[in-house]
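Below is data.cif, which holds mmCIF, C-alpha atoms and all ligand atoms.
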```
data_model
#
loop_
_atom_site.label_atom_id
_atom_site.label_comp_id
_atom_site.auth_asym_id
_atom_site.auth_seq_id
_atom_site.Cartn_x
_atom_site.Cartn_y
_atom_site.Cartn_z
CA MET A 1 71.40 34.75 104.59
CA ILE A 2 71.44 38.36 103.47
CA PRO A 3 73.23 40.65 105.96
CA SER A 4 71.05 43.05 107.91
CA VAL A 5 72.78 45.91 106.07
CA LEU A 6 72.08 45.52 102.34
CA PRO A 7 75.41 44.26 100.95
CA THR A 8 75.99 46.91 98.25
CA TYR A 9 79.41 47.98 99.57
CA ASN A 10 82.78 46.24 99.65
CA ARG A 11 83.89 47.45 103.05
CA ALA A 12 87.37 47.36 104.56
CA PRO A 13 87.43 45.71 108.00
CA LEU A 14 88.03 48.99 109.84
CA HIS A 15 85.81 50.32 112.60
CA PHE A 16 86.51 53.95 113.29
CA VAL A 17 85.08 55.20 116.53
CA LYS A 18 86.45 58.72 116.75
CA GLY A 19 87.95 61.41 114.56
CA GLU A 20 90.03 64.44 115.35
CA GLY A 21 91.46 66.72 112.69
CA CYS A 22 93.22 64.53 110.11
CA TRP A 23 93.16 61.48 112.38
CA LEU A 24 90.79 58.55 112.68
CA PHE A 25 90.86 56.23 115.67
CA GLU A 26 90.14 52.54 115.21
CA GLU A 27 88.22 50.60 117.85
CA ASP A 28 91.43 48.65 118.58
CA GLY A 29 93.34 51.85 119.39
CA ARG A 30 95.22 52.33 116.11
CA ARG A 31 95.46 55.90 114.84
CA PHE A 32 95.10 56.38 111.08
CA LEU A 33 96.11 59.45 109.08
CA ASP A 34 93.05 60.26 107.00
CA LEU A 35 93.96 61.29 103.44
CA GLY A 36 90.50 60.37 102.17
CA SER A 37 88.21 62.67 104.19
CA GLY A 38 85.32 60.24 103.68
CA ILE A 39 85.78 60.77 99.90
CA ALA A 40 86.35 64.52 99.88
CA VAL A 41 83.77 65.30 102.55
CA ASN A 42 85.53 66.32 105.78
CA VAL A 43 87.12 69.46 104.31
CA LEU A 44 88.05 70.72 107.76
CA GLY A 45 88.91 67.34 109.20
CA HIS A 46 87.04 65.52 111.92
CA ALA A 47 85.31 67.27 114.81
CA HIS A 48 86.54 70.71 113.73
CA PRO A 49 85.60 72.88 116.75
CA PRO A 50 83.72 75.66 114.87
CA LEU A 51 81.65 73.03 113.04
CA VAL A 52 80.93 71.13 116.24
CA ALA A 53 79.90 74.43 117.83
CA ALA A 54 77.62 75.37 114.91
CA LEU A 55 75.97 71.94 114.93
CA THR A 56 75.48 71.68 118.67
CA GLU A 57 74.28 75.25 119.01
CA GLN A 58 71.68 74.62 116.32
CA ALA A 59 70.82 71.18 117.72
CA ASN A 60 70.02 72.77 121.05
CA LYS A 61 67.64 75.22 119.36
CA LEU A 62 65.82 73.59 116.45
CA TRP A 63 66.43 70.56 114.23
CA HIS A 64 63.71 70.61 111.63
CA VAL A 65 60.73 72.66 110.57
CA SER A 66 60.03 71.86 106.86
CA ASN A 67 60.31 74.08 103.83
CA LEU A 68 56.70 75.08 104.44
CA TYR A 69 58.30 77.85 106.53
CA GLU A 70 61.14 80.32 106.26
CA ILE A 71 64.45 78.85 107.45
CA PRO A 72 66.89 81.63 108.44
CA GLN A 73 69.94 79.30 108.44
CA GLN A 74 69.10 78.29 104.86
CA GLN A 75 68.70 81.91 103.84
CA ALA A 76 72.06 82.81 105.39
CA LEU A 77 73.90 80.00 103.60
CA ALA A 78 72.19 80.78 100.27
CA ASP A 79 73.11 84.46 100.65
CA LYS A 80 76.74 83.55 101.33
CA LEU A 81 76.88 81.19 98.31
CA VAL A 82 75.34 83.85 96.08
CA GLU A 83 77.78 86.43 97.41
CA THR A 84 80.84 84.22 96.81
CA THR A 85 79.97 82.56 93.46
CA PHE A 86 78.46 83.14 90.00
CA ALA A 87 75.07 82.02 91.29
CA ASP A 88 71.92 84.09 91.75
CA THR A 89 69.97 81.37 93.49
CA VAL A 90 70.45 78.12 95.42
CA PHE A 91 68.38 75.01 96.17
CA PHE A 92 69.56 72.79 99.02
CA THR A 93 69.62 69.01 98.82
CA ASN A 94 70.98 66.29 101.10
CA SER A 95 73.45 64.76 98.65
CA GLY A 96 75.23 65.10 95.34
CA THR A 97 72.86 62.66 93.67
CA GLU A 98 69.88 64.80 94.56
CA ALA A 99 71.74 67.82 93.22
CA CYS A 100 72.19 65.92 89.96
CA GLU A 101 68.47 65.18 89.81
CA LEU A 102 67.62 68.84 90.16
CA ALA A 103 70.31 70.00 87.72
CA VAL A 104 68.80 67.71 85.07
CA LYS A 105 65.25 68.82 85.85
CA MET A 106 66.28 72.48 85.86
CA ALA A 107 67.97 72.24 82.46
CA ARG A 108 64.98 70.49 80.93
CA LYS A 109 62.49 72.91 82.48
CA TYR A 110 64.57 75.82 81.22
CA TRP A 111 64.17 74.71 77.63
CA TYR A 112 60.50 73.94 78.15
CA GLU A 113 59.94 77.48 79.41
CA LYS A 114 61.97 78.93 76.51
CA GLY A 115 59.67 77.20 74.02
CA HIS A 116 62.07 74.37 73.15
CA PRO A 117 60.70 71.31 74.94
CA GLU A 118 62.62 69.13 72.47
CA LYS A 119 65.97 70.21 73.97
CA THR A 120 66.08 67.46 76.55
CA GLY A 121 69.48 66.12 75.49
CA ILE A 122 72.38 66.29 77.93
CA LEU A 123 75.95 65.49 76.88
CA THR A 124 78.22 63.85 79.42
CA PHE A 125 81.72 62.34 79.34
CA GLU A 126 83.13 58.87 79.80
CA GLY A 127 84.39 58.19 83.29
CA CYS A 128 82.00 60.70 84.83
CA PHE A 129 80.19 60.01 88.07
CA HIS A 130 77.16 62.00 89.12
CA GLY A 131 75.52 59.67 91.63
CA ARG A 132 73.33 56.58 91.74
CA SER A 133 69.78 57.76 90.99
CA SER A 134 68.13 56.87 87.71
CA ALA A 135 69.09 60.21 86.16
CA ALA A 136 72.64 60.04 87.51
CA ILE A 137 73.34 56.53 86.25
CA ALA A 138 71.87 57.47 82.86
CA ALA A 139 74.22 60.47 82.83
CA SER A 140 77.16 58.17 83.49
CA GLY A 141 76.11 55.80 80.74
CA ALA A 142 78.62 53.21 81.99
CA ASP A 143 77.54 49.61 81.67
CA LYS A 144 78.47 48.83 85.26
CA MET A 145 76.17 51.62 86.45
CA VAL A 146 73.08 50.97 84.32
CA LYS A 147 73.14 47.21 83.69
CA GLY A 148 70.01 45.63 85.10
CA PHE A 149 68.45 48.95 86.08
CA GLY A 150 66.63 49.70 82.85
CA PRO A 151 64.73 51.30 81.34
CA VAL A 152 67.50 53.89 81.43
CA LEU A 153 66.32 57.49 81.54
CA ALA A 154 66.48 58.81 77.98
CA GLY A 155 68.27 61.87 76.68
CA PHE A 156 71.89 61.35 77.77
CA LYS A 157 74.83 60.86 75.43
CA THR A 158 78.20 59.92 76.92
CA LEU A 159 81.17 61.12 74.87
CA PRO A 160 84.84 60.17 74.93
CA TRP A 161 86.89 62.40 77.25
CA GLY A 162 88.83 65.05 75.35
CA ASP A 163 87.42 64.24 71.89
CA HIS A 164 86.47 67.62 70.42
CA ASP A 165 85.20 66.19 67.14
CA ALA A 166 82.88 63.77 68.90
CA LEU A 167 81.58 66.63 71.04
CA HIS A 168 80.83 68.87 68.07
CA ALA A 169 79.26 65.98 66.16
CA ALA A 170 77.00 65.09 69.10
CA ILE A 171 75.33 68.50 69.31
CA ASP A 172 72.01 68.63 67.50
CA ASP A 173 68.64 70.37 67.81
CA THR A 174 67.68 68.23 70.79
CA THR A 175 70.78 69.09 72.83
CA GLY A 176 70.05 71.31 75.82
CA ALA A 177 73.08 71.07 78.08
CA ILE A 178 76.60 69.81 78.70
CA LEU A 179 77.28 68.25 82.10
CA ILE A 180 80.87 67.78 83.26
CA GLU A 181 83.11 67.52 86.33
CA PRO A 182 86.02 69.99 86.08
CA VAL A 183 88.05 67.26 87.77
CA GLN A 184 86.68 63.73 87.49
CA GLY A 185 86.88 62.14 90.93
CA GLU A 186 85.65 58.55 90.67
CA GLY A 187 86.89 58.54 87.06
CA GLY A 188 90.48 58.79 88.32
CA ILE A 189 91.37 62.45 89.02
CA ARG A 190 91.13 63.41 85.36
CA THR A 191 91.45 67.18 85.11
CA LEU A 192 89.80 69.24 82.45
CA PRO A 193 92.49 71.70 81.30
CA ASP A 194 91.53 75.35 81.79
CA GLN A 195 91.49 76.02 78.05
CA CYS A 196 89.05 73.11 77.55
CA LEU A 197 86.67 74.44 80.18
CA LYS A 198 86.91 77.87 78.52
CA GLY A 199 86.27 76.17 75.19
CA LEU A 200 83.22 74.40 76.58
CA ARG A 201 81.84 77.70 77.86
CA GLU A 202 82.35 79.26 74.44
CA LEU A 203 80.75 76.30 72.73
CA CYS A 204 77.73 76.50 75.04
CA ASP A 205 77.41 80.22 74.35
CA GLU A 206 77.74 79.74 70.62
CA LYS A 207 75.21 76.88 70.42
CA GLY A 208 72.94 78.23 73.15
CA LEU A 209 73.45 75.32 75.56
CA LEU A 210 73.48 75.30 79.33
CA LEU A 211 76.79 74.45 80.98
CA ILE A 212 76.26 72.32 84.10
CA LEU A 213 79.30 71.71 86.29
CA ASP A 214 79.42 68.93 88.82
CA GLU A 215 81.66 70.21 91.60
CA VAL A 216 80.37 67.71 94.15
CA GLN A 217 83.87 66.30 94.65
CA CYS A 218 86.21 69.02 93.32
CA GLY A 219 84.39 72.02 94.83
CA VAL A 220 84.49 73.78 98.21
CA GLY A 221 88.21 74.56 98.29
CA ARG A 222 89.41 71.12 97.22
CA THR A 223 91.50 72.40 94.27
CA GLY A 224 92.79 75.47 96.12
CA ARG A 225 90.05 77.75 94.81
CA LEU A 226 86.57 77.88 96.30
CA PHE A 227 85.35 76.17 93.12
CA ALA A 228 87.48 74.43 90.50
CA HIS A 229 86.02 76.35 87.54
CA GLU A 230 87.47 79.56 88.97
CA TRP A 231 90.91 78.46 87.70
CA ALA A 232 89.63 78.73 84.12
CA GLY A 233 88.02 82.12 84.71
CA VAL A 234 84.63 81.01 83.41
CA THR A 235 81.32 80.33 85.11
CA PRO A 236 78.63 77.69 84.58
CA ASP A 237 74.89 78.21 84.30
CA ILE A 238 74.16 75.50 86.84
CA MET A 239 76.46 73.87 89.40
CA MET A 240 75.99 70.86 91.65
CA ILE A 241 77.78 70.77 94.97
CA ALA A 242 77.66 68.46 98.02
CA LYS A 243 80.31 66.59 100.03
CA GLY A 244 82.61 69.39 101.28
CA ILE A 245 79.90 71.97 101.82
CA GLY A 246 78.56 69.98 104.78
CA GLY A 247 82.01 69.11 106.12
CA GLY A 248 80.55 65.71 107.13
CA PHE A 249 76.92 66.67 107.61
CA PRO A 250 74.74 65.50 104.68
CA LEU A 251 74.25 68.62 102.57
CA GLY A 252 74.23 69.41 98.87
CA ALA A 253 73.00 72.20 96.65
CA VAL A 254 72.31 73.33 93.14
CA LEU A 255 73.54 76.81 92.34
CA ALA A 256 72.22 78.58 89.26
CA THR A 257 71.96 81.83 87.41
CA GLU A 258 68.59 83.55 87.46
CA ASP A 259 68.08 82.74 83.79
CA ALA A 260 68.96 79.03 84.12
CA ALA A 261 66.58 78.73 87.08
CA CYS A 262 63.70 80.49 85.32
CA GLY A 263 61.52 77.38 85.17
CA MET A 264 61.85 76.40 88.81
CA VAL A 265 58.85 78.17 90.28
CA ALA A 266 56.82 77.19 93.35
CA GLY A 267 55.69 73.59 93.23
CA THR A 268 58.24 72.37 90.66
CA HIS A 269 60.70 70.84 93.12
CA GLY A 270 61.07 70.13 96.81
CA SER A 271 62.72 68.12 99.57
CA THR A 272 61.64 67.39 103.12
CA TYR A 273 65.10 67.67 104.61
CA GLY A 274 66.94 69.72 102.00
CA GLY A 275 68.16 72.94 103.58
CA ASN A 276 67.21 71.97 107.13
CA PRO A 277 68.51 74.17 109.97
CA LEU A 278 71.18 71.68 111.13
CA GLY A 279 72.76 71.16 107.72
CA CYS A 280 72.66 74.83 106.82
CA ALA A 281 74.14 75.95 110.14
CA VAL A 282 77.08 73.61 109.52
CA GLY A 283 77.34 74.57 105.83
CA LYS A 284 77.57 78.24 106.77
CA ALA A 285 80.31 77.49 109.30
CA VAL A 286 82.22 75.52 106.63
CA LEU A 287 81.89 78.30 104.09
CA ASP A 288 82.92 80.97 106.60
CA VAL A 289 86.28 79.20 106.84
CA VAL A 290 86.79 77.85 103.31
CA ALA A 291 85.70 80.95 101.38
CA ASP A 292 88.25 83.09 103.21
CA PRO A 293 90.94 84.05 100.64
CA ASP A 294 93.70 83.67 103.27
CA PHE A 295 92.57 80.13 104.01
CA LEU A 296 92.60 79.29 100.29
CA ASP A 297 96.10 80.84 99.88
CA ASP A 298 97.25 78.60 102.65
CA VAL A 299 95.58 75.53 101.10
CA ARG A 300 97.43 76.22 97.84
CA ALA A 301 100.75 76.56 99.65
CA ARG A 302 100.32 73.29 101.56
CA ALA A 303 98.98 71.58 98.42
CA GLY A 304 102.30 72.50 96.77
CA LEU A 305 104.14 70.74 99.57
CA LEU A 306 101.88 67.69 99.32
CA ARG A 307 102.54 67.45 95.59
CA GLN A 308 106.28 67.84 96.09
CA LYS A 309 106.25 65.02 98.66
CA MET A 310 104.24 62.82 96.32
CA GLU A 311 106.71 63.44 93.48
CA GLY A 312 109.41 62.27 95.91
CA LEU A 313 107.35 59.20 96.78
CA ILE A 314 106.99 58.26 93.13
CA ALA A 315 110.72 58.75 92.51
CA ALA A 316 111.48 56.52 95.52
CA HIS A 317 109.09 53.76 94.41
CA PRO A 318 109.13 53.51 90.62
CA THR A 319 107.83 49.93 90.69
CA VAL A 320 104.74 50.97 92.65
CA PHE A 321 103.85 54.40 91.25
CA GLU A 322 104.23 56.00 87.86
CA GLY A 323 102.97 59.55 88.32
CA VAL A 324 100.77 62.02 90.12
CA ARG A 325 97.88 64.02 88.69
CA GLY A 326 95.28 66.51 89.84
CA TYR A 327 95.80 69.70 91.75
CA GLY A 328 95.24 71.33 95.10
CA MET A 329 94.26 68.76 97.73
CA MET A 330 92.84 66.48 95.04
CA LEU A 331 95.68 64.30 93.85
CA GLY A 332 95.77 60.92 92.17
CA LEU A 333 98.76 58.60 92.39
CA LYS A 334 98.84 56.58 89.20
CA SER A 335 99.73 53.14 90.40
CA LYS A 336 101.53 50.31 88.63
CA LEU A 337 100.07 47.77 91.04
CA PRO A 338 96.29 47.43 91.44
CA ALA A 339 95.11 50.60 93.23
CA ALA A 340 93.14 48.45 95.69
CA ASP A 341 96.38 46.71 96.76
CA VAL A 342 98.06 50.06 97.39
CA VAL A 343 95.09 51.29 99.44
CA LYS A 344 95.19 48.04 101.45
CA ALA A 345 98.93 48.39 102.06
CA GLY A 346 98.09 51.91 103.28
CA TYR A 347 95.71 50.45 105.86
CA ALA A 348 98.57 48.33 107.21
CA ALA A 349 100.69 51.50 107.43
CA GLU A 350 97.76 53.30 109.11
CA VAL A 351 97.07 55.77 106.34
CA ILE A 352 93.74 56.13 104.52
CA THR A 353 93.57 56.70 100.76
CA VAL A 354 90.76 56.05 98.28
CA PRO A 355 90.92 54.02 95.06
CA ALA A 356 89.48 55.38 91.80
CA ALA A 357 89.21 54.23 88.19
CA ASP A 358 92.27 54.02 85.96
CA ASN A 359 94.39 52.55 88.75
CA ILE A 360 94.45 55.76 90.70
CA VAL A 361 94.98 56.08 94.43
CA ARG A 362 93.21 59.27 95.50
CA LEU A 363 94.55 61.66 98.10
CA LEU A 364 91.76 63.95 99.31
CA PRO A 365 92.99 65.08 102.72
CA PRO A 366 91.25 67.61 104.93
CA LEU A 367 92.11 71.04 103.50
CA ASN A 368 93.59 72.07 106.86
CA ILE A 369 96.14 69.23 106.94
CA THR A 370 99.34 70.60 108.48
CA GLU A 371 102.88 70.52 107.07
CA ASP A 372 103.88 67.95 109.70
CA GLU A 373 100.93 65.78 108.73
CA ILE A 374 101.94 66.05 105.07
CA GLN A 375 105.39 64.77 106.04
CA GLU A 376 103.68 61.99 108.00
CA ALA A 377 101.54 61.20 104.92
CA PHE A 378 104.76 60.75 102.96
CA ASN A 379 106.28 58.56 105.69
CA ARG A 380 103.27 56.27 105.88
CA LEU A 381 102.79 55.99 102.11
CA ASP A 382 106.52 55.33 101.83
CA ALA A 383 106.16 52.50 104.35
CA ALA A 384 103.16 51.11 102.42
CA ALA A 385 105.06 51.22 99.13
CA THR A 386 108.15 49.61 100.71
CA ALA A 387 105.97 46.79 102.06
CA LEU A 388 104.54 46.25 98.57
CA GLU A 389 108.03 46.17 97.05
CA ASN A 390 109.17 43.60 99.60
CA GLN A 391 106.17 41.38 99.08
CA PRO A 392 107.06 37.93 97.71
CA ALA A 393 106.14 37.80 94.00
C1 LIG A 401 81.35 64.25 91.13
C2 LIG A 401 80.28 63.58 91.92
N1 LIG A 401 79.00 63.87 91.65
C3 LIG A 401 77.99 63.32 92.35
C4 LIG A 401 78.24 62.43 93.35
C5 LIG A 401 77.10 61.82 94.14
O1 LIG A 401 77.09 62.38 95.40
P1 LIG A 401 76.38 61.64 96.65
O2 LIG A 401 77.13 60.39 96.89
O3 LIG A 401 76.45 62.66 97.74
O4 LIG A 401 74.97 61.37 96.23
C6 LIG A 401 79.56 62.10 93.68
C7 LIG A 401 79.86 61.13 94.75
O5 LIG A 401 80.93 60.57 94.82
C8 LIG A 401 80.61 62.70 92.94
O6 LIG A 401 81.89 62.41 93.20
#
```
Once you've parsed the file, please lay out its structure as structure tokens.
Amino acid sequence: MIPSVLPTYNRAPLHFVKGEGCWLFEEDGRRFLDLGSGIAVNVLGHAHPPLVAALTEQANKLWHVSNLYEIPQQQALADKLVETTFADTVFFTNSGTEACELAVKMARKYWYEKGHPEKTGILTFEGCFHGRSSAAIAASGADKMVKGFGPVLAGFKTLPWGDHDALHAAIDDTTGAILIEPVQGEGGIRTLPDQCLKGLRELCDEKGLLLILDEVQCGVGRTGRLFAHEWAGVTPDIMMIAKGIGGGFPLGAVLATEDAACGMVAGTHGSTYGGNPLGCAVGKAVLDVVADPDFLDDVRARAGLLRQKMEGLIAAHPTVFEGVRGYGMMLGLKSKLPAADVVKAGYAAEVITVPAADNIVRLLPPLNITEDEIQEAFNRLDAAATALENQPA
């Protein structure tokens, strides 16, 4: 008999009932160190007091009104995002997938408005993940994402990661945009080197293409800058965000330049819940903390310590791990054993990590993880790795 919850997830048998900072409490009383943050969502940990205050204060006033009316909380968050990023304008969604939908629509509408309706093509890269809607799975192009869900939305071409020749060869008169994650999350913490992101920006400028960045996972302070593309010193035309911006409340957004957004006039897009007062009140409280340069300095300093500890972990367990990649609070431990086994051993040691492609164990801790908790992360991962080493073959 089919379970009452549609069985699309492979869930671990853990039942968390409470969260506090970097800690998750299991129903049975165990206390887990959370290095996953619900896959890069809880940027300020669980039940962060200013976020709880923002949410409850708003909940006591007004939950929902509809985008038929002005929403001051939405305006305030949009103003803050415009003030702190390349963007001139923002549309709020409830998730990263919905942000992907709009990014694709916006790029296509842009070219339609500019008199090039044929420029519907969007180039993407192997290993990418942009969500699970029809547009997002088409963008991924991966067999495991699209198989059985056809007809697949047309216009996407998935290119090998890092293959410049293939990229140049793929651009033709129908190409309108390039869509890429500065750091692939689900794809296994694959980082796009700064010079490559600069190169992509130049290529887009030269060929007249829109550059769409997916910062759903790597944005909102995760890499030690407010947004990952800031490391390369270039800006996109359109950017998708979600996850961290809500700190645990479902919230996403598309940020765009005025030019890129030129086609998105009244009636072209909408969402019942997108930008509702609750989500935007929390999003503003998140951004007030994370966009503070002192906070980001501190994230970078503690991220350095985390990396140093992980290098030590790898050196101590060469049969379990072979390297660490990524940056900021977005690290991937390249594992020699199946990543799922390492994550499971972590559960036994009461530490939460997240598997990704390419045998990567992701560490995506709350950005405010303390130095003591970083030491504890090492201790628990060390215990997990030792248990794996001592396992009978
Ligand atoms: C880079 C990236 N884009 C888009 C998405 C989809 O976001 P959501 O699950 O909020 O729809 C994800 C989710 O993991 C992601 O990592």
Quiz item: What residues have an atom no more than 9 Å from (109.8, 51.2, 95.5) in the file's own frame, counting all atoms listed in the file, and can you write them as a PyMOL selection string?
Solution: chain A and resi 313-321+382+385-390
Neighbourhood of ligand LIG 401 (chain A) at 9 Å, counting only C-alpha atoms and all ligand atoms, reported as a PDB file with C-alpha atoms, in the frame of the given file:
```
ATOM      1  CA  ILE A  39      85.780  60.770  99.900  1.00  0.00           C
ATOM      2  CA  ALA A  40      86.350  64.520  99.880  1.00  0.00           C
ATOM      3  CA  ASN A  94      70.980  66.290 101.100  1.00  0.00           C
ATOM      4  CA  SER A  95      73.450  64.760  98.650  1.00  0.00           C
ATOM      5  CA  GLY A  96      75.230  65.100  95.340  1.00  0.00           C
ATOM      6  CA  THR A  97      72.860  62.660  93.670  1.00  0.00           C
ATOM      7  CA  GLU A  98      69.880  64.800  94.560  1.00  0.00           C
ATOM      8  CA  ALA A  99      71.740  67.820  93.220  1.00  0.00           C
ATOM      9  CA  CYS A 100      72.190  65.920  89.960  1.00  0.00           C
ATOM     10  CA  CYS A 128      82.000  60.700  84.830  1.00  0.00           C
ATOM     11  CA  PHE A 129      80.190  60.010  88.070  1.00  0.00           C
ATOM     12  CA  HIS A 130      77.160  62.000  89.120  1.00  0.00           C
ATOM     13  CA  GLY A 131      75.520  59.670  91.630  1.00  0.00           C
ATOM     14  CA  ARG A 132      73.330  56.580  91.740  1.00  0.00           C
ATOM     15  CA  SER A 133      69.780  57.760  90.990  1.00  0.00           C
ATOM     16  CA  ALA A 136      72.640  60.040  87.510  1.00  0.00           C
ATOM     17  CA  ILE A 180      80.870  67.780  83.260  1.00  0.00           C
ATOM     18  CA  GLU A 181      83.110  67.520  86.330  1.00  0.00           C
ATOM     19  CA  PRO A 182      86.020  69.990  86.080  1.00  0.00           C
ATOM     20  CA  VAL A 183      88.050  67.260  87.770  1.00  0.00           C
ATOM     21  CA  GLN A 184      86.680  63.730  87.490  1.00  0.00           C
ATOM     22  CA  GLY A 185      86.880  62.140  90.930  1.00  0.00           C
ATOM     23  CA  GLU A 186      85.650  58.550  90.670  1.00  0.00           C
ATOM     24  CA  GLY A 187      86.890  58.540  87.060  1.00  0.00           C
ATOM     25  CA  ASP A 214      79.420  68.930  88.820  1.00  0.00           C
ATOM     26  CA  GLU A 215      81.660  70.210  91.600  1.00  0.00           C
ATOM     27  CA  VAL A 216      80.370  67.710  94.150  1.00  0.00           C
ATOM     28  CA  GLN A 217      83.870  66.300  94.650  1.00  0.00           C
ATOM     29  CA  CYS A 218      86.210  69.020  93.320  1.00  0.00           C
ATOM     30  CA  MET A 240      75.990  70.860  91.650  1.00  0.00           C
ATOM     31  CA  ILE A 241      77.780  70.770  94.970  1.00  0.00           C
ATOM     32  CA  ALA A 242      77.660  68.460  98.020  1.00  0.00           C
ATOM     33  CA  LYS A 243      80.310  66.590 100.030  1.00  0.00           C
ATOM     34  CA  PRO A 250      74.740  65.500 104.680  1.00  0.00           C
ATOM     35  CA  LEU A 251      74.250  68.620 102.570  1.00  0.00           C
ATOM     36  CA  GLY A 252      74.230  69.410  98.870  1.00  0.00           C
TER      37      GLY A 252
END
```
Let me have the centre and edge lengths in Å, one decimal, of the box along x, y and z around every listed atom of range 66-79 of chain A with 3 Å of margin on each side, as JSON.
```
{"center_x": 65.3, "center_y": 78.2, "center_z": 104.4, "size_x": 23.2, "size_y": 18.6, "size_z": 14.2}
```
Tell me which protein, DNA and RNA residues are within 12 Å of Asp292 in chain A, counting only C-alpha atoms, leaving out same-chain ones fewer than 2 positions away, and put them as an mmCIF file with C-alpha atoms, in the frame of the given file.
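To be explicit, this is the file written out as around-v3.cif:
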```
data_model
loop_
_atom_site.group_PDB
_atom_site.id
_atom_site.type_symbol
_atom_site.label_atom_id
_atom_site.label_comp_id
_atom_site.auth_asym_id
_atom_site.auth_seq_id
_atom_site.Cartn_x
_atom_site.Cartn_y
_atom_site.Cartn_z
ATOM 1 C CA LYS A 80 76.740 83.550 101.330
ATOM 2 C CA THR A 84 80.840 84.220 96.810
ATOM 3 C CA VAL A 220 84.490 73.780 98.210
ATOM 4 C CA GLY A 221 88.210 74.560 98.290
ATOM 5 C CA GLY A 224 92.790 75.470 96.120
ATOM 6 C CA ARG A 225 90.050 77.750 94.810
ATOM 7 C CA LEU A 226 86.570 77.880 96.300
ATOM 8 C CA ALA A 285 80.310 77.490 109.300
ATOM 9 C CA VAL A 286 82.220 75.520 106.630
ATOM 10 C CA LEU A 287 81.890 78.300 104.090
ATOM 11 C CA ASP A 288 82.920 80.970 106.600
ATOM 12 C CA VAL A 289 86.280 79.200 106.840
ATOM 13 C CA VAL A 290 86.790 77.850 103.310
ATOM 14 C CA ASP A 294 93.700 83.670 103.270
ATOM 15 C CA PHE A 295 92.570 80.130 104.010
ATOM 16 C CA LEU A 296 92.600 79.290 100.290
ATOM 17 C CA ASP A 297 96.100 80.840 99.880
ATOM 18 C CA ASP A 298 97.250 78.600 102.650
ATOM 19 C CA VAL A 299 95.580 75.530 101.100
#
```
Quiz item: Do you have the CA of Ile369 in chain A-CA of Ser335 in chain A distance handy?
Solution: 23.4 Å
Quiz item: Using all atoms listed in the file, can you list as a count of residues only the residues within 9 Å of (88.0, 67.0, 104.8)?
Solution: 25
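Nearest residue to Leu211 in chain A among A:Glu371, A:Glu26, A:Asp143, A:Asp237 is A:Asp237, counting all atoms listed in the file.
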Self-check item: Pick from A:Pro355, A:Gly283, A:Gly323, A:Gly263 nearest to Lys114 in chain A, counting all atoms listed in the file
Solution: A:Gly263
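Each of A:Thr8, A:Asn276, A:Thr235, A:Gln75 was checked against Lys198 in chain A using all atoms listed in the file; the smallest atom-to-atom distance is that of A:Thr235.
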